[in-house]
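Undergrad: File work_35.csv below, CSV, C-alpha atoms:
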```csv
chain,number,residue,atom,x,y,z
A,246,MET,CA,0.0,0.0,0.0
A,247,GLY,CA,3.0,2.3,-0.4
A,248,THR,CA,3.5,2.6,3.4
A,249,VAL,CA,4.8,0.8,6.5
A,250,PHE,CA,2.8,-1.1,9.1
A,251,SER,CA,4.0,-1.6,12.7
A,252,PHE,CA,2.8,-3.5,15.7
A,253,ASP,CA,3.2,-2.5,19.3
A,254,LEU,CA,2.2,-5.3,21.7
A,255,ARG,CA,2.3,-4.7,25.4
A,256,ASP,CA,1.1,-8.2,26.5
A,257,PRO,CA,3.3,-11.4,26.7
A,258,VAL,CA,3.8,-12.8,23.2
A,259,THR,CA,2.4,-16.2,23.8
A,260,PRO,CA,2.4,-18.9,21.0
A,261,PRO,CA,-1.2,-18.0,19.9
A,262,VAL,CA,-0.3,-14.3,19.8
A,263,ARG,CA,2.9,-15.0,17.8
A,264,ARG,CA,0.9,-17.1,15.3
A,265,ALA,CA,-1.7,-14.4,15.0
A,266,LEU,CA,1.0,-11.8,14.3
A,267,GLU,CA,2.6,-14.0,11.7
A,268,GLU,CA,-0.8,-14.6,10.0
A,269,ALA,CA,-1.5,-10.9,10.2
A,270,VAL,CA,1.7,-10.0,8.3
A,271,ILE,CA,0.9,-12.6,5.6
A,272,TRP,CA,-2.6,-11.3,5.3
A,273,LEU,CA,-1.4,-7.7,4.9
A,274,HIS,CA,0.8,-8.7,2.0
A,275,GLN,CA,-2.2,-10.4,0.4
A,276,VAL,CA,-4.2,-7.3,0.9
A,277,ASP,CA,-1.5,-5.3,-0.8
A,278,GLU,CA,-1.5,-7.8,-3.7
A,279,VAL,CA,-5.3,-7.3,-4.1
A,280,PHE,CA,-5.8,-3.6,-3.4
A,281,SER,CA,-2.6,-1.8,-4.1
A,282,THR,CA,-2.8,0.8,-6.8
A,283,TYR,CA,1.0,0.8,-6.9
A,284,ARG,CA,1.0,-2.7,-8.4
A,285,SER,CA,0.0,-3.0,-12.1
A,286,GLY,CA,-1.0,-6.6,-11.6
A,287,SER,CA,-3.1,-6.1,-8.4
A,288,VAL,CA,-6.8,-7.1,-8.5
A,289,ILE,CA,-7.8,-3.5,-8.2
A,290,SER,CA,-5.5,-2.3,-11.0
A,291,ARG,CA,-6.8,-5.0,-13.2
A,292,LEU,CA,-10.4,-4.2,-12.4
A,293,GLY,CA,-9.7,-0.6,-13.1
A,294,ARG,CA,-8.5,-1.5,-16.6
A,295,GLY,CA,-11.6,-3.7,-17.1
A,296,GLU,CA,-9.6,-6.9,-17.1
A,297,PRO,CA,-10.8,-10.2,-15.6
A,298,VAL,CA,-9.4,-11.2,-12.2
A,299,PRO,CA,-8.7,-14.6,-10.6
A,300,GLU,CA,-11.4,-16.3,-8.7
A,301,GLY,CA,-11.3,-16.2,-4.9
A,302,TYR,CA,-11.0,-12.5,-4.3
A,303,GLY,CA,-14.6,-11.6,-4.5
A,304,PRO,CA,-15.7,-11.5,-0.9
A,305,GLU,CA,-13.1,-9.1,0.4
A,306,VAL,CA,-13.3,-6.8,-2.7
A,307,ALA,CA,-17.1,-6.8,-2.3
A,308,GLU,CA,-16.8,-6.0,1.4
A,309,VAL,CA,-14.6,-3.0,0.8
A,310,PHE,CA,-16.7,-1.8,-2.1
A,311,ALA,CA,-19.8,-2.0,0.1
A,312,LEU,CA,-18.1,0.0,2.9
A,313,CYS,CA,-17.1,2.6,0.3
A,314,GLU,CA,-20.6,3.0,-0.8
A,315,GLU,CA,-21.8,3.3,2.8
A,316,VAL,CA,-19.3,6.0,3.6
A,317,ALA,CA,-20.0,7.8,0.3
A,318,HIS,CA,-23.7,8.0,1.4
A,319,ALA,CA,-22.8,9.0,5.0
A,320,THR,CA,-20.6,11.9,3.8
A,321,GLY,CA,-22.9,13.2,1.1
A,322,GLY,CA,-20.5,12.1,-1.6
A,323,TRP,CA,-17.3,13.6,-0.1
A,324,PHE,CA,-15.8,10.1,0.0
A,325,THR,CA,-15.4,8.1,-3.2
A,326,HIS,CA,-13.5,5.0,-4.3
A,327,THR,CA,-13.3,6.5,-7.8
A,328,PRO,CA,-11.4,9.7,-7.2
A,329,GLY,CA,-10.8,11.5,-10.5
A,330,GLY,CA,-12.8,8.7,-12.3
A,331,ARG,CA,-10.1,6.1,-11.4
A,332,LEU,CA,-10.8,3.1,-9.3
A,333,ASP,CA,-8.9,3.6,-6.1
A,334,PRO,CA,-10.4,2.4,-2.7
A,335,SER,CA,-7.2,3.2,-0.8
A,336,GLY,CA,-9.1,5.7,1.4
A,337,MET,CA,-10.9,2.7,2.8
A,338,VAL,CA,-8.5,-0.2,2.6
A,339,LYS,CA,-5.8,0.9,4.9
A,340,GLY,CA,-8.0,1.6,7.9
A,341,TRP,CA,-10.0,-1.6,7.2
A,342,ALA,CA,-6.9,-3.7,7.1
A,343,VAL,CA,-5.4,-2.1,10.3
A,344,GLU,CA,-8.7,-2.6,12.2
A,345,ARG,CA,-9.0,-6.2,11.1
A,346,VAL,CA,-5.4,-7.0,12.1
A,347,SER,CA,-6.1,-5.4,15.5
A,348,ARG,CA,-9.2,-7.6,16.0
A,349,THR,CA,-7.1,-10.7,15.1
A,350,LEU,CA,-4.5,-9.9,17.7
A,351,HIS,CA,-7.1,-9.2,20.3
A,352,ALA,CA,-8.8,-12.5,19.7
A,353,ALA,CA,-5.5,-14.3,20.2
A,354,GLY,CA,-5.0,-12.7,23.6
A,355,ALA,CA,-3.1,-9.5,22.8
A,356,HIS,CA,-5.4,-7.0,24.5
A,357,ASN,CA,-3.0,-4.1,24.9
A,358,THR,CA,-1.9,-3.2,21.3
A,359,CYS,CA,-1.3,-0.4,18.9
A,360,VAL,CA,-1.4,-1.2,15.2
A,361,ASN,CA,0.0,1.6,13.0
A,362,GLY,CA,-0.6,1.7,9.2
A,363,GLY,CA,1.3,4.7,7.8
A,364,GLY,CA,0.3,6.9,10.7
A,365,ASP,CA,-3.3,5.7,11.0
A,366,ILE,CA,-3.7,3.9,14.3
A,367,GLN,CA,-6.0,1.4,16.1
A,368,ALA,CA,-5.2,1.2,19.8
A,369,ARG,CA,-6.6,-1.2,22.3
A,370,GLY,CA,-6.2,-1.4,26.1
A,371,GLN,CA,-3.3,0.4,27.7
A,372,ALA,CA,0.3,1.3,27.0
A,373,ALA,CA,1.1,0.2,30.5
A,374,LEU,CA,-0.9,-0.5,33.7
A,375,GLY,CA,-2.9,2.7,34.4
A,376,THR,CA,-1.3,4.5,31.4
A,377,PRO,CA,-3.3,5.3,28.2
A,378,TRP,CA,-1.8,5.3,24.8
A,379,ARG,CA,-0.3,8.6,23.7
A,380,ILE,CA,-0.4,9.4,20.0
A,381,GLY,CA,1.3,12.4,18.6
A,382,VAL,CA,-0.4,14.4,15.8
A,383,ALA,CA,2.3,15.8,13.5
A,384,HIS,CA,2.1,19.5,12.4
A,385,PRO,CA,2.2,19.5,8.6
A,386,ALA,CA,3.8,22.9,8.4
A,387,ARG,CA,6.3,22.5,11.2
A,388,PRO,CA,8.5,19.4,10.6
A,389,GLY,CA,9.4,17.6,13.8
A,390,LYS,CA,6.6,19.5,15.8
A,391,LEU,CA,3.3,18.2,17.1
A,392,ALA,CA,0.0,19.9,16.8
A,393,ALA,CA,-1.4,17.8,19.7
A,394,VAL,CA,-1.1,14.6,21.6
A,395,VAL,CA,-4.1,12.3,21.7
A,396,THR,CA,-4.6,9.9,24.6
A,397,GLY,CA,-7.0,7.0,25.0
A,398,GLY,CA,-7.5,3.3,25.2
A,399,GLU,CA,-10.0,1.9,22.7
A,400,LEU,CA,-9.1,4.5,20.2
A,401,ALA,CA,-8.7,5.0,16.4
A,402,VAL,CA,-6.7,8.0,15.0
A,403,ALA,CA,-6.5,8.8,11.4
A,404,THR,CA,-4.9,11.8,9.6
A,405,SER,CA,-5.5,13.0,6.1
A,406,GLY,CA,-3.4,15.8,4.7
A,407,THR,CA,-0.5,17.2,2.7
A,408,GLY,CA,2.4,16.6,5.0
A,409,GLU,CA,3.7,13.3,3.6
A,410,ARG,CA,2.4,13.0,0.0
A,411,GLY,CA,1.5,16.6,-0.9
A,412,ALA,CA,-2.0,17.5,-2.3
A,413,HIS,CA,-3.1,14.0,-3.1
A,414,VAL,CA,-6.7,14.1,-1.8
A,415,LEU,CA,-9.1,15.1,-4.5
A,416,ASP,CA,-12.3,17.0,-4.1
A,417,PRO,CA,-14.8,14.4,-5.5
A,418,HIS,CA,-17.1,17.2,-6.8
A,419,THR,CA,-14.5,19.0,-8.8
A,420,GLY,CA,-11.8,16.4,-9.4
A,421,ARG,CA,-9.1,18.9,-8.3
A,422,PRO,CA,-6.9,18.6,-5.2
A,423,ALA,CA,-8.5,19.7,-2.0
A,424,THR,CA,-6.7,22.7,-0.6
A,425,GLY,CA,-8.8,24.2,2.2
A,426,LEU,CA,-6.9,22.3,4.9
A,427,LEU,CA,-3.3,21.2,5.5
A,428,SER,CA,-4.4,18.3,7.6
A,429,LEU,CA,-7.4,16.7,9.3
A,430,THR,CA,-7.1,14.3,12.2
A,431,MET,CA,-10.1,12.2,13.1
A,432,THR,CA,-10.6,10.2,16.2
A,433,GLY,CA,-13.2,7.4,16.9
A,434,ARG,CA,-13.3,3.9,18.2
A,435,GLN,CA,-12.9,1.9,15.0
A,436,LEU,CA,-10.4,2.8,12.3
A,437,THR,CA,-12.2,1.6,9.2
A,438,ARG,CA,-14.8,4.4,9.2
A,439,THR,CA,-12.6,6.8,11.1
A,440,ASP,CA,-10.0,6.7,8.4
A,441,ALA,CA,-12.5,7.1,5.6
A,442,TYR,CA,-14.3,9.9,7.4
A,443,ALA,CA,-10.9,11.7,7.8
A,444,THR,CA,-10.4,11.6,4.0
A,445,ALA,CA,-13.9,12.9,3.4
A,446,ALA,CA,-13.6,15.7,6.0
A,447,PHE,CA,-10.3,16.8,4.6
A,448,ALA,CA,-11.9,17.1,1.2
A,449,MET,CA,-14.7,19.2,2.7
A,450,GLY,CA,-12.2,21.9,3.7
A,451,ASP,CA,-14.0,24.7,5.5
A,452,GLY,CA,-17.1,22.6,5.9
A,453,ALA,CA,-15.4,19.9,7.8
A,454,ARG,CA,-15.7,21.2,11.3
A,455,ASP,CA,-19.5,21.6,11.3
A,456,TRP,CA,-19.9,18.1,9.7
A,457,VAL,CA,-17.7,16.4,12.3
A,458,GLU,CA,-19.5,18.1,15.2
A,459,ALA,CA,-22.8,16.6,13.9
A,460,LEU,CA,-21.2,13.2,13.5
A,461,GLU,CA,-21.8,10.8,16.4
A,462,GLY,CA,-18.8,9.1,18.0
A,463,HIS,CA,-16.1,11.0,16.2
A,464,GLU,CA,-14.0,14.1,16.8
A,465,ALA,CA,-11.5,16.1,14.8
A,466,LEU,CA,-8.6,18.5,14.8
A,467,GLY,CA,-8.0,20.5,11.6
A,468,ILE,CA,-5.2,22.7,10.5
A,469,THR,CA,-6.2,25.2,7.8
A,470,ALA,CA,-4.2,26.4,4.8
A,471,ALA,CA,-3.5,29.6,6.7
A,472,GLY,CA,-2.0,27.6,9.6
A,473,GLU,CA,-4.9,28.0,12.1
A,474,ILE,CA,-5.7,25.1,14.3
A,475,TRP,CA,-9.2,24.1,15.4
A,476,ARG,CA,-10.7,21.1,17.2
A,477,THR,CA,-14.2,19.9,17.9
A,478,PRO,CA,-15.2,20.1,21.6
A,479,GLY,CA,-14.7,16.4,22.4
A,480,PHE,CA,-11.3,15.9,20.7
A,481,PRO,CA,-9.3,13.7,23.2
A,482,ALA,CA,-6.1,15.8,23.4
A,483,ALA,CA,-3.9,15.6,26.5
A,484,ALA,CA,-1.5,18.3,25.3
A,485,TRP,CA,-2.7,21.1,23.2
A,486,ALA,CA,0.0,22.7,21.1
A,487,GLY,CA,-2.2,24.9,19.0
A,488,THR,CA,-2.3,28.7,19.2
```
Spell out the structure here as structure tokens.
TA:
Amino acid sequence: MGTVFSFDLRDPVTPPVRRALEEAVIWLHQVDEVFSTYRSGSVISRLGRGEPVPEGYGPEVAEVFALCEEVAHATGGWFTHTPGGRLDPSGMVKGWAVERVSRTLHAAGAHNTCVNGGGDIQARGQAALGTPWRIGVAHPARPGKLAAVVTGGELAVATSGTGERGAHVLDPHTGRPATGLLSLTMTGRQLTRTDAYATAAFAMGDGARDWVEALEGHEALGITAAGEIWRTPGFPAAAWAGT
């Protein structure tokens, strides 16, 4: 998926947990082979070209497409898996994959974990006894600086913005890069929708704050193109670095 995944496990790595971790890594490589837009031979790339694909990939592709349609409806069309008219469900796949891996590890007995897929995070349990996870939100205009630190236990954190890949998120209504925000960080409990909502909210630009405030179970921190920082009232920040 053009990024790096990491696993932070704070429980003893028992044989079941080790097996689950090994299986998770294998599955993530399979997800990349199916959904990566960076691979010309991936299932998604072949579908995008109108080519036939091997049997056996239908259920997961159908699941992701159904989630894309659901989020497109929930966001009033601000999320799409065909940005610029090109088949690309990347805005859904990474969060979906991270959340599923997190559930796999939890089922195997790893209850205090943090799975990170390119900066989008699904945390469970605690970093240590009595200590919540602390997740830094990078400031896109100040390299090496944080805009805030998010704390929590059962927590999903996703950021969409220009800091790492430039203006790559398209406004689905115009087909042009979204430029109203430098970054949008969304928090929730489950990363699949939190990540997709972050992409949609970033595309909304100035309308993102009001939309997130009306969205149940999610909060956001936005940094505007002018460098101003805002957050919704329930954003779970332990340290507020904004001015």
Undergrad: Please indicate the distance in Å from CA of Ala453 (chain A) to CA of Leu429 (chain A), rounded to one decimal place.
TA: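 Going from CA of Ala453 (chain A) over to CA of Leu429 (chain A), I get 8.7 Å.
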Undergrad: Take the point (-14.1, 26.4, 4.3) in the file's coordinates, draw a sphere of radius 7 Å around it, and report as a compact mmCIF listing (two decimals) with C-alpha atoms, keeping the file's coordinate frame every protein, DNA or RNA residue with an atom inside or on it, counting only C-alpha atoms.
TA:
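File produced: result-v6.txt:
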```
# COMPACT_ATOMS: atom_id res chain seq x y z
CA GLY A 425 -8.80 24.20 2.20
CA GLY A 450 -12.20 21.90 3.70
CA ASP A 451 -14.00 24.70 5.50
CA GLY A 452 -17.10 22.60 5.90
```
Undergrad: Using only C-alpha atoms, determine which residues lie at most 8 Å from Thr439 (chain A), disregarding the query and same-chain residues fewer than 2 positions distant; provide the list as a list in words.
TA: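 Near neighbours after the sequence-gap exclusion: Gly340, Ala401, Val402, Ala403, Met431, Thr432, Gly433, Arg434, Gln435, Leu436, Thr437, Ala441, Tyr442, Ala443 and His463 of chain A.
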Undergrad: List every residue of region 362-414 of chain A that has an atom at most 12 Å from any atom of region 325-336 of chain A, and for each one report the closest atom pair and its distance in Å to one decimal, counting only C-alpha atoms, with rows sorted by chain and then by increasing residue number, as a Markdown table.
TA:
```
| residue | atom | partner | partner_atom | distance |
| --- | --- | --- | --- | --- |
| A:Asp365 | CA | A:Gly336 | CA | 11.2 |
| A:Ala403 | CA | A:Gly336 | CA | 10.8 |
| A:Thr404 | CA | A:Gly336 | CA | 11.0 |
| A:Ser405 | CA | A:Gly336 | CA | 9.4 |
| A:His413 | CA | A:Pro328 | CA | 10.2 |
| A:Val414 | CA | A:Pro328 | CA | 8.4 |
```
Undergrad: Would you tabulate, counting all atoms listed in the file, all residues of region 268-317 of chain A that have an atom at most 12 Å from an atom of region 342-361 of chain A, showing the closest pair of atoms and their distance in Å to one decimal, sorted by chain then ascending number, as a Markdown table?
TA:
```
| residue | atom | partner | partner_atom | distance |
| --- | --- | --- | --- | --- |
| A:Glu268 | CA | A:Thr349 | CA | 9.0 |
| A:Ala269 | CA | A:Val346 | CA | 5.8 |
| A:Val270 | CA | A:Val346 | CA | 8.6 |
| A:Ile271 | CA | A:Val346 | CA | 10.6 |
| A:Trp272 | CA | A:Val346 | CA | 8.5 |
| A:Leu273 | CA | A:Ala342 | CA | 7.1 |
| A:His274 | CA | A:Ala342 | CA | 10.5 |
| A:Gln275 | CA | A:Ala342 | CA | 10.6 |
| A:Val276 | CA | A:Ala342 | CA | 7.7 |
| A:Asp277 | CA | A:Ala342 | CA | 9.7 |
| A:Val279 | CA | A:Ala342 | CA | 11.9 |
| A:Phe280 | CA | A:Ala342 | CA | 10.6 |
| A:Glu305 | CA | A:Ala342 | CA | 10.6 |
| A:Glu308 | CA | A:Ala342 | CA | 11.7 |
| A:Val309 | CA | A:Ala342 | CA | 10.0 |
```
Undergrad: Nearest residue to Val338 (chain A) out of A:Arg294, A:Arg421, A:Arg387, A:Arg438, using all atoms listed in the file?
TA: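 Closest to Val338 (chain A) of all the choices is A:Arg438.
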Undergrad: What separation in Å, quoted to one decimal, exists between CA of Leu426 (chain A) and CA of Ala446 (chain A)?
TA: 9.5 Å
Undergrad: For a quick check of understanding, using all atoms listed in the file, which of A:Met246, A:Arg476, A:Asp256, A:Leu266 has the smallest distance to Ile289 (chain A)?
TA: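 Counting all atoms listed in the file, the residue closest to Ile289 (chain A) is A:Met246.
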Undergrad: So how many Å separate CA of Thr419 (chain A) and CA of Ala307 (chain A), to one decimal?
TA: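 CA of Ala307 (chain A) lies 26.7 Å from CA of Thr419 (chain A).
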